[in-house]
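Dumped start04.txt below, it's compact mmCIF, C-alpha atoms:
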# COMPACT_ATOMS: atom_id res chain seq x y z
CA SER A 115 -11.54 -8.82 -17.81
CA GLN A 116 -14.96 -7.24 -18.02
CA GLN A 117 -17.56 -9.49 -16.44
CA GLY A 118 -20.56 -7.38 -17.27
CA GLU A 119 -21.73 -6.36 -20.70
CA GLU A 120 -24.25 -3.59 -20.81
CA ASP A 121 -26.88 -2.82 -23.36
CA PRO A 122 -27.56 -0.36 -24.84
CA GLN A 123 -24.27 1.54 -24.84
CA ALA A 124 -26.24 4.79 -25.09
CA LEU A 125 -29.87 5.70 -24.48
CA SER A 126 -31.58 8.98 -25.23
CA ILE A 127 -35.11 9.67 -23.95
CA GLN A 128 -37.47 12.50 -23.07
CA GLU A 129 -38.20 13.59 -19.52
CA GLY A 130 -41.05 11.55 -18.03
CA GLU A 131 -40.28 8.42 -20.05
CA ASN A 132 -38.93 5.22 -18.53
CA ALA A 133 -35.34 4.09 -19.12
CA THR A 134 -34.30 0.45 -19.14
CA MET A 135 -30.68 -0.73 -19.11
CA ASN A 136 -29.53 -4.34 -19.27
CA CYS A 137 -26.47 -6.12 -17.95
CA SER A 138 -25.23 -9.62 -18.71
CA TYR A 139 -22.46 -11.45 -16.89
CA LYS A 140 -20.53 -14.68 -17.33
CA THR A 141 -19.80 -16.37 -14.01
CA SER A 142 -21.81 -17.09 -10.87
CA ILE A 143 -22.25 -14.19 -8.50
CA ASN A 144 -22.93 -13.39 -4.86
CA ASN A 145 -24.63 -10.09 -5.70
CA LEU A 146 -24.97 -7.53 -8.47
CA GLN A 147 -24.81 -3.80 -7.93
CA TRP A 148 -25.71 -0.74 -10.00
CA TYR A 149 -23.73 2.48 -9.84
CA ARG A 150 -24.22 5.90 -11.37
CA GLN A 151 -21.50 8.26 -12.60
CA ASN A 152 -22.03 11.88 -13.49
CA SER A 153 -19.60 13.19 -16.08
CA GLY A 154 -16.07 13.46 -14.71
CA ARG A 155 -17.08 12.41 -11.19
CA GLY A 156 -16.81 9.37 -8.96
CA LEU A 157 -19.37 6.58 -8.89
CA VAL A 158 -22.35 6.52 -6.55
CA HIS A 159 -23.94 3.27 -5.41
CA LEU A 160 -27.62 2.95 -6.38
CA ILE A 161 -28.86 -0.51 -5.46
CA LEU A 162 -27.68 -4.03 -4.66
CA ILE A 163 -29.52 -7.24 -5.46
CA ARG A 164 -28.47 -10.60 -4.01
CA SER A 165 -28.22 -13.76 -6.06
CA ASN A 166 -31.29 -15.23 -4.32
CA GLU A 167 -33.44 -12.17 -5.07
CA ARG A 168 -35.38 -11.60 -8.28
CA GLU A 169 -36.52 -8.01 -7.96
CA LYS A 170 -35.76 -5.01 -5.83
CA HIS A 171 -37.12 -1.46 -5.68
CA SER A 172 -35.67 1.81 -4.44
CA GLY A 173 -37.65 4.96 -5.15
CA ARG A 174 -37.92 5.28 -8.95
CA LEU A 175 -35.44 2.43 -9.48
CA ARG A 176 -36.43 -1.17 -10.14
CA VAL A 177 -33.80 -3.87 -10.56
CA THR A 178 -34.41 -7.43 -11.69
CA LEU A 179 -32.02 -10.36 -11.65
CA ASP A 180 -32.28 -13.60 -13.63
CA THR A 181 -29.46 -15.89 -12.54
CA SER A 182 -30.47 -18.59 -15.02
CA LYS A 183 -29.85 -16.14 -17.87
CA LYS A 184 -27.02 -14.37 -16.03
CA SER A 185 -28.63 -11.00 -16.64
CA SER A 186 -30.01 -8.00 -14.79
CA SER A 187 -31.97 -4.92 -15.75
CA LEU A 188 -32.26 -1.46 -14.24
CA LEU A 189 -35.47 0.47 -14.82
CA ILE A 190 -35.70 4.16 -14.04
CA THR A 191 -39.31 5.32 -14.07
CA ALA A 192 -40.52 8.84 -14.83
CA SER A 193 -37.03 9.99 -15.76
CA ARG A 194 -35.78 13.50 -15.09
CA ALA A 195 -33.09 15.59 -16.75
CA ALA A 196 -31.04 15.12 -13.54
CA ASP A 197 -30.91 11.36 -14.24
CA THR A 198 -28.54 12.07 -17.13
CA ALA A 199 -25.41 10.05 -16.29
CA SER A 200 -23.58 6.82 -17.02
CA TYR A 201 -24.89 3.71 -15.31
CA PHE A 202 -22.70 0.70 -14.54
CA CYS A 203 -23.49 -2.77 -13.32
CA ALA A 204 -20.91 -4.51 -11.14
CA THR A 205 -20.78 -8.11 -10.01
CA ASN A 206 -19.43 -9.56 -6.78
CA ALA A 207 -18.40 -13.18 -7.09
CA GLY A 208 -18.28 -13.76 -3.35
CA GLY A 209 -16.09 -16.45 -1.85
CA THR A 210 -12.43 -15.49 -1.55
CA SER A 211 -12.95 -12.45 -3.78
CA TYR A 212 -14.77 -10.73 -0.89
CA GLY A 213 -15.46 -7.13 -1.88
CA LYS A 214 -13.95 -7.25 -5.35
CA LEU A 215 -16.29 -5.92 -8.02
CA THR A 216 -16.10 -6.41 -11.76
CA PHE A 217 -17.68 -3.55 -13.71
CA GLY A 218 -19.41 -3.47 -17.05
CA GLN A 219 -18.69 -0.84 -19.67
CA GLY A 220 -21.75 1.21 -18.80
CA THR A 221 -24.80 2.76 -20.44
CA ILE A 222 -24.80 6.48 -21.13
CA LEU A 223 -28.27 7.84 -20.40
CA THR A 224 -29.35 11.25 -21.70
CA VAL A 225 -32.70 12.62 -20.55
CA HIS A 226 -33.91 15.61 -22.57
CA PRO A 227 -36.04 18.19 -20.76
CA ASP B 61 -18.02 14.98 7.24
CA GLY B 62 -17.14 11.43 6.22
CA GLY B 63 -15.96 10.37 2.82
CA ILE B 64 -13.11 9.69 0.44
CA THR B 65 -10.84 12.37 -0.87
CA GLN B 66 -8.48 12.16 -3.82
CA SER B 67 -5.80 14.63 -4.77
CA PRO B 68 -4.88 16.24 -6.96
CA LYS B 69 -7.88 16.63 -9.25
CA TYR B 70 -5.57 16.94 -12.27
CA LEU B 71 -2.03 15.64 -12.53
CA PHE B 72 0.49 16.03 -15.31
CA ARG B 73 3.28 13.56 -15.85
CA LYS B 74 6.44 14.01 -17.88
CA GLU B 75 8.09 11.16 -19.73
CA GLY B 76 10.07 8.90 -17.40
CA GLN B 77 8.57 10.41 -14.29
CA ASN B 78 6.88 8.60 -11.41
CA VAL B 79 3.80 10.30 -9.97
CA THR B 80 1.76 9.51 -6.86
CA LEU B 81 -1.99 9.86 -6.51
CA SER B 82 -3.39 10.35 -3.04
CA CYS B 83 -6.46 8.61 -1.59
CA GLU B 84 -7.67 9.16 1.98
CA GLN B 85 -10.84 7.92 3.71
CA ASN B 86 -12.34 8.62 7.11
CA LEU B 87 -15.10 6.02 6.88
CA ASN B 88 -13.15 3.49 8.97
CA HIS B 89 -13.35 1.05 6.05
CA ASP B 90 -10.98 -1.88 5.94
CA ALA B 91 -10.80 -2.36 2.18
CA MET B 92 -9.59 0.12 -0.42
CA TYR B 93 -9.36 -0.12 -4.20
CA TRP B 94 -7.81 1.66 -7.17
CA TYR B 95 -9.48 1.66 -10.57
CA ARG B 96 -8.54 3.04 -13.96
CA GLN B 97 -11.22 4.36 -16.32
CA ASP B 98 -10.54 5.07 -19.99
CA PRO B 99 -12.94 7.14 -22.12
CA GLY B 100 -16.19 5.33 -22.84
CA GLN B 101 -15.19 2.32 -20.82
CA GLY B 102 -15.92 0.76 -17.48
CA LEU B 103 -13.61 0.56 -14.50
CA ARG B 104 -10.65 -1.79 -14.40
CA LEU B 105 -9.13 -2.84 -11.08
CA ILE B 106 -5.47 -1.93 -10.57
CA TYR B 107 -4.79 -2.89 -6.95
CA TYR B 108 -6.82 -3.55 -3.84
CA SER B 109 -6.12 -3.86 -0.14
CA GLN B 110 -8.30 -5.67 2.34
CA ILE B 111 -6.25 -4.82 5.42
CA VAL B 112 -3.35 -2.62 6.48
CA ASN B 113 0.09 -3.74 5.25
CA ASP B 114 -1.44 -6.11 2.70
CA PHE B 115 -2.52 -5.58 -0.91
CA GLN B 116 -3.14 -7.63 -4.05
CA LYS B 117 -2.79 -7.02 -7.75
CA GLY B 118 -5.92 -6.46 -9.75
CA ASP B 119 -6.41 -7.00 -13.47
CA ILE B 120 -4.02 -4.29 -14.73
CA ALA B 121 -1.31 -3.85 -12.06
CA GLU B 122 1.69 -3.60 -14.42
CA GLY B 123 3.36 -0.19 -14.21
CA TYR B 124 1.67 0.70 -10.92
CA SER B 125 2.58 0.33 -7.25
CA VAL B 126 0.73 0.91 -3.97
CA SER B 127 1.28 0.94 -0.24
CA ARG B 128 -1.09 0.56 2.72
CA GLU B 129 0.74 1.71 5.82
CA LYS B 130 -2.32 3.27 7.41
CA LYS B 131 -5.97 2.24 7.35
CA GLU B 132 -7.00 5.67 6.09
CA SER B 133 -4.56 5.97 3.20
CA PHE B 134 -3.92 4.02 -0.02
CA PRO B 135 -1.63 5.98 -2.38
CA LEU B 136 -1.08 4.85 -5.96
CA THR B 137 2.19 5.44 -7.79
CA VAL B 138 2.15 5.46 -11.57
CA THR B 139 5.66 4.49 -12.57
CA SER B 140 7.59 5.23 -15.74
CA ALA B 141 6.97 1.61 -16.72
CA GLN B 142 3.31 2.46 -17.37
CA LYS B 143 3.52 3.49 -21.01
CA ASN B 144 -0.05 4.68 -21.42
CA PRO B 145 -0.97 6.35 -18.13
CA THR B 146 -3.46 8.92 -19.44
CA ALA B 147 -6.76 8.01 -17.77
CA PHE B 148 -9.18 8.86 -14.98
CA TYR B 149 -8.19 7.17 -11.70
CA LEU B 150 -10.77 6.35 -9.07
CA CYS B 151 -10.21 5.24 -5.50
CA ALA B 152 -12.88 3.43 -3.51
CA SER B 153 -13.37 1.86 -0.10
CA SER B 154 -15.70 -0.68 1.47
CA ILE B 155 -16.36 -2.53 4.71
CA TYR B 156 -14.30 -5.66 4.33
CA LYS B 157 -16.19 -7.98 6.57
CA ALA B 158 -19.73 -7.10 5.49
CA ALA B 159 -21.68 -9.80 3.71
CA GLU B 160 -22.71 -7.31 1.07
CA GLU B 161 -20.13 -4.76 0.27
CA THR B 162 -20.93 -1.60 -1.60
CA GLN B 163 -18.07 0.63 -2.59
CA TYR B 164 -17.77 4.32 -1.87
CA PHE B 165 -15.86 6.30 -4.46
CA GLY B 166 -13.70 9.38 -4.37
CA PRO B 167 -14.06 12.19 -6.95
CA GLY B 168 -11.18 10.91 -9.08
CA THR B 169 -7.85 12.17 -10.41
CA ARG B 170 -7.33 12.79 -14.10
CA LEU B 171 -3.77 12.02 -15.17
CA LEU B 172 -2.39 13.56 -18.34
CA VAL B 173 0.97 13.06 -19.99
CA LEU B 174 2.94 16.12 -21.14
Please, can you express the file's structure as structure tokens?
Amino acid sequence: SQQGEEDPQALSIQEGENATMNCSYKTSINNLQWYRQNSGRGLVHLILIRSNEREKHSGRLRVTLDTSKKSSSLLITASRAADTASYFCATNAGGTSYGKLTFGQGTILTVHP
Amino acid sequence: DGGITQSPKYLFRKEGQNVTLSCEQNLNHDAMYWYRQDPGQGLRLIYYSQIVNDFQKGDIAEGYSVSREKKESFPLTVTSAQKNPTAFYLCASSIYKAAEETQYFGPGTRLLVL
């Protein structure tokens, strides 16, 4: 079953603009991770936020987590054409599930030069 | 040069045929995973292994089989019982005992049915 639901399904912006993607999940989590996938390639890990964290930054990426609303957002600032990719959130429930991740359906981001 | 390799990049299956997808890692990771990705969708977990000689079914294990005889290798067999095998298959690995486990992905194998 898909734990994460992502919104929007597709996002088209101009270079230099900010891109915001949202992820909602259903059950309690240990951490939430964001991954990027270029067309026809494997996924690349971007950032991890723990359940006791509210915000995290990495370069042009900013991730927030609201466990009361069971939601997270990924903000990419000053986007570039090279940011064009699909972005997936993935939740880790912790406990006996250890490293198991449950992925959302992804947001397709297109950045026009 | 550490990482995960998958082969082949493209694989064609005939009706009634079993095919095996290769996944090898030299990251010394304990855990390995197989996912299936259909067009426009997220990843669904097929099988995972947290240690050599042990593996568990994921969400969509029917029609698939795996083995984990070596730490570095986690091959996936798509059997003839899998009636809709056309998809993009991704292998991943992670450090099993880490408190926060990120997964490292291979480049994927695209399976097509003739």
Write out as a VMD selection string every residue belonging to chain A that has an atom at most 9 Å from any atom of chain B, counting only C-alpha atoms. chain A and resid 115 to 116 144 to 145 147 154 to 159 161 to 162 164 202 206 208 212 to 220 222
Quote the spacing between atom CA of A:Thr198 and atom CA of A:Glu119 in Å to one decimal place. 20.0 Å
Considering all atoms listed in the file, can you say which of B:Val79, B:Leu136, B:Gln142, B:Pro99 comes closest to A:Ser200? B:Pro99
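One finds atom CA of A:Glu129 at 16.8 Å from atom CA of A:Gly173.
Atom pair atom CA of A:Leu125 / atom CA of A:His171 has a distance of 21.4 Å (rounded to one decimal).
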Contacts of B:Val126 within 9 Å, only C-alpha atoms, excl. fewer than 2 positions in-chain, as a ChimeraX atom specification: /B:107-108,115,124,128,134-138
Residue nearest B:Leu87 - candidates B:Asn144, B:Ser125, B:Ser133, B:Ser67, atoms counted: only C-alpha atoms: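 For B:Leu87, the nearest of the given residues is B:Ser133.
For A:Leu175, the non-local neighbours within 10 Å, defined as residues at least 6 positions apart in the same chain or in other chains and counting all atoms listed in the file, are A:Ala133, A:Thr134, A:Leu160, A:Ile161, A:Leu188, A:Leu189, A:Ile190, A:Thr191, A:Ala192, A:Ser193.
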List the neighbours of B:Ala141 out to 8 Å using all atoms listed in the file; skip same-chain residues closer than 4 positions along the sequence, and give me the result as a PDB file with C-alpha atoms, in the frame of the given file.
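File written: selection20.pdb
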ATOM      1  CA  GLY B  76      10.070   8.900 -17.400  1.00  0.00           C
ATOM      2  CA  GLU B 122       1.690  -3.600 -14.420  1.00  0.00           C
ATOM      3  CA  GLY B 123       3.360  -0.190 -14.210  1.00  0.00           C
ATOM      4  CA  TYR B 124       1.670   0.700 -10.920  1.00  0.00           C
TER       5      TYR B 124
END
Centre and edges of the stretch 146-157 of chain B box, axis-aligned, 3 Å extra per side, as AutoDock Vina command-line options:
--center_x -9.9 --center_y 0.5 --center_z -6.4 --size_x 18.9 --size_y 22.9 --size_z 32.0
Please provide the set of residues having any atom within 10 Å of A:Ser142, restricted to all atoms listed in the file, with same-chain residues fewer than 4 positions apart removed, written as a PyMOL selection string. chain A and resi 165+181-182+184+205-208
Which protein, DNA or RNA residues have an atom at most 7 Å from (-24.7, -6.7, -16.2), counting all atoms listed in the file? List them as a list in words. Gly118, Glu119, Glu120, Asn136, Cys137, Ser138, Tyr139, Ser185, Ser186, Cys203, Ala204 and Gly218 of chain A
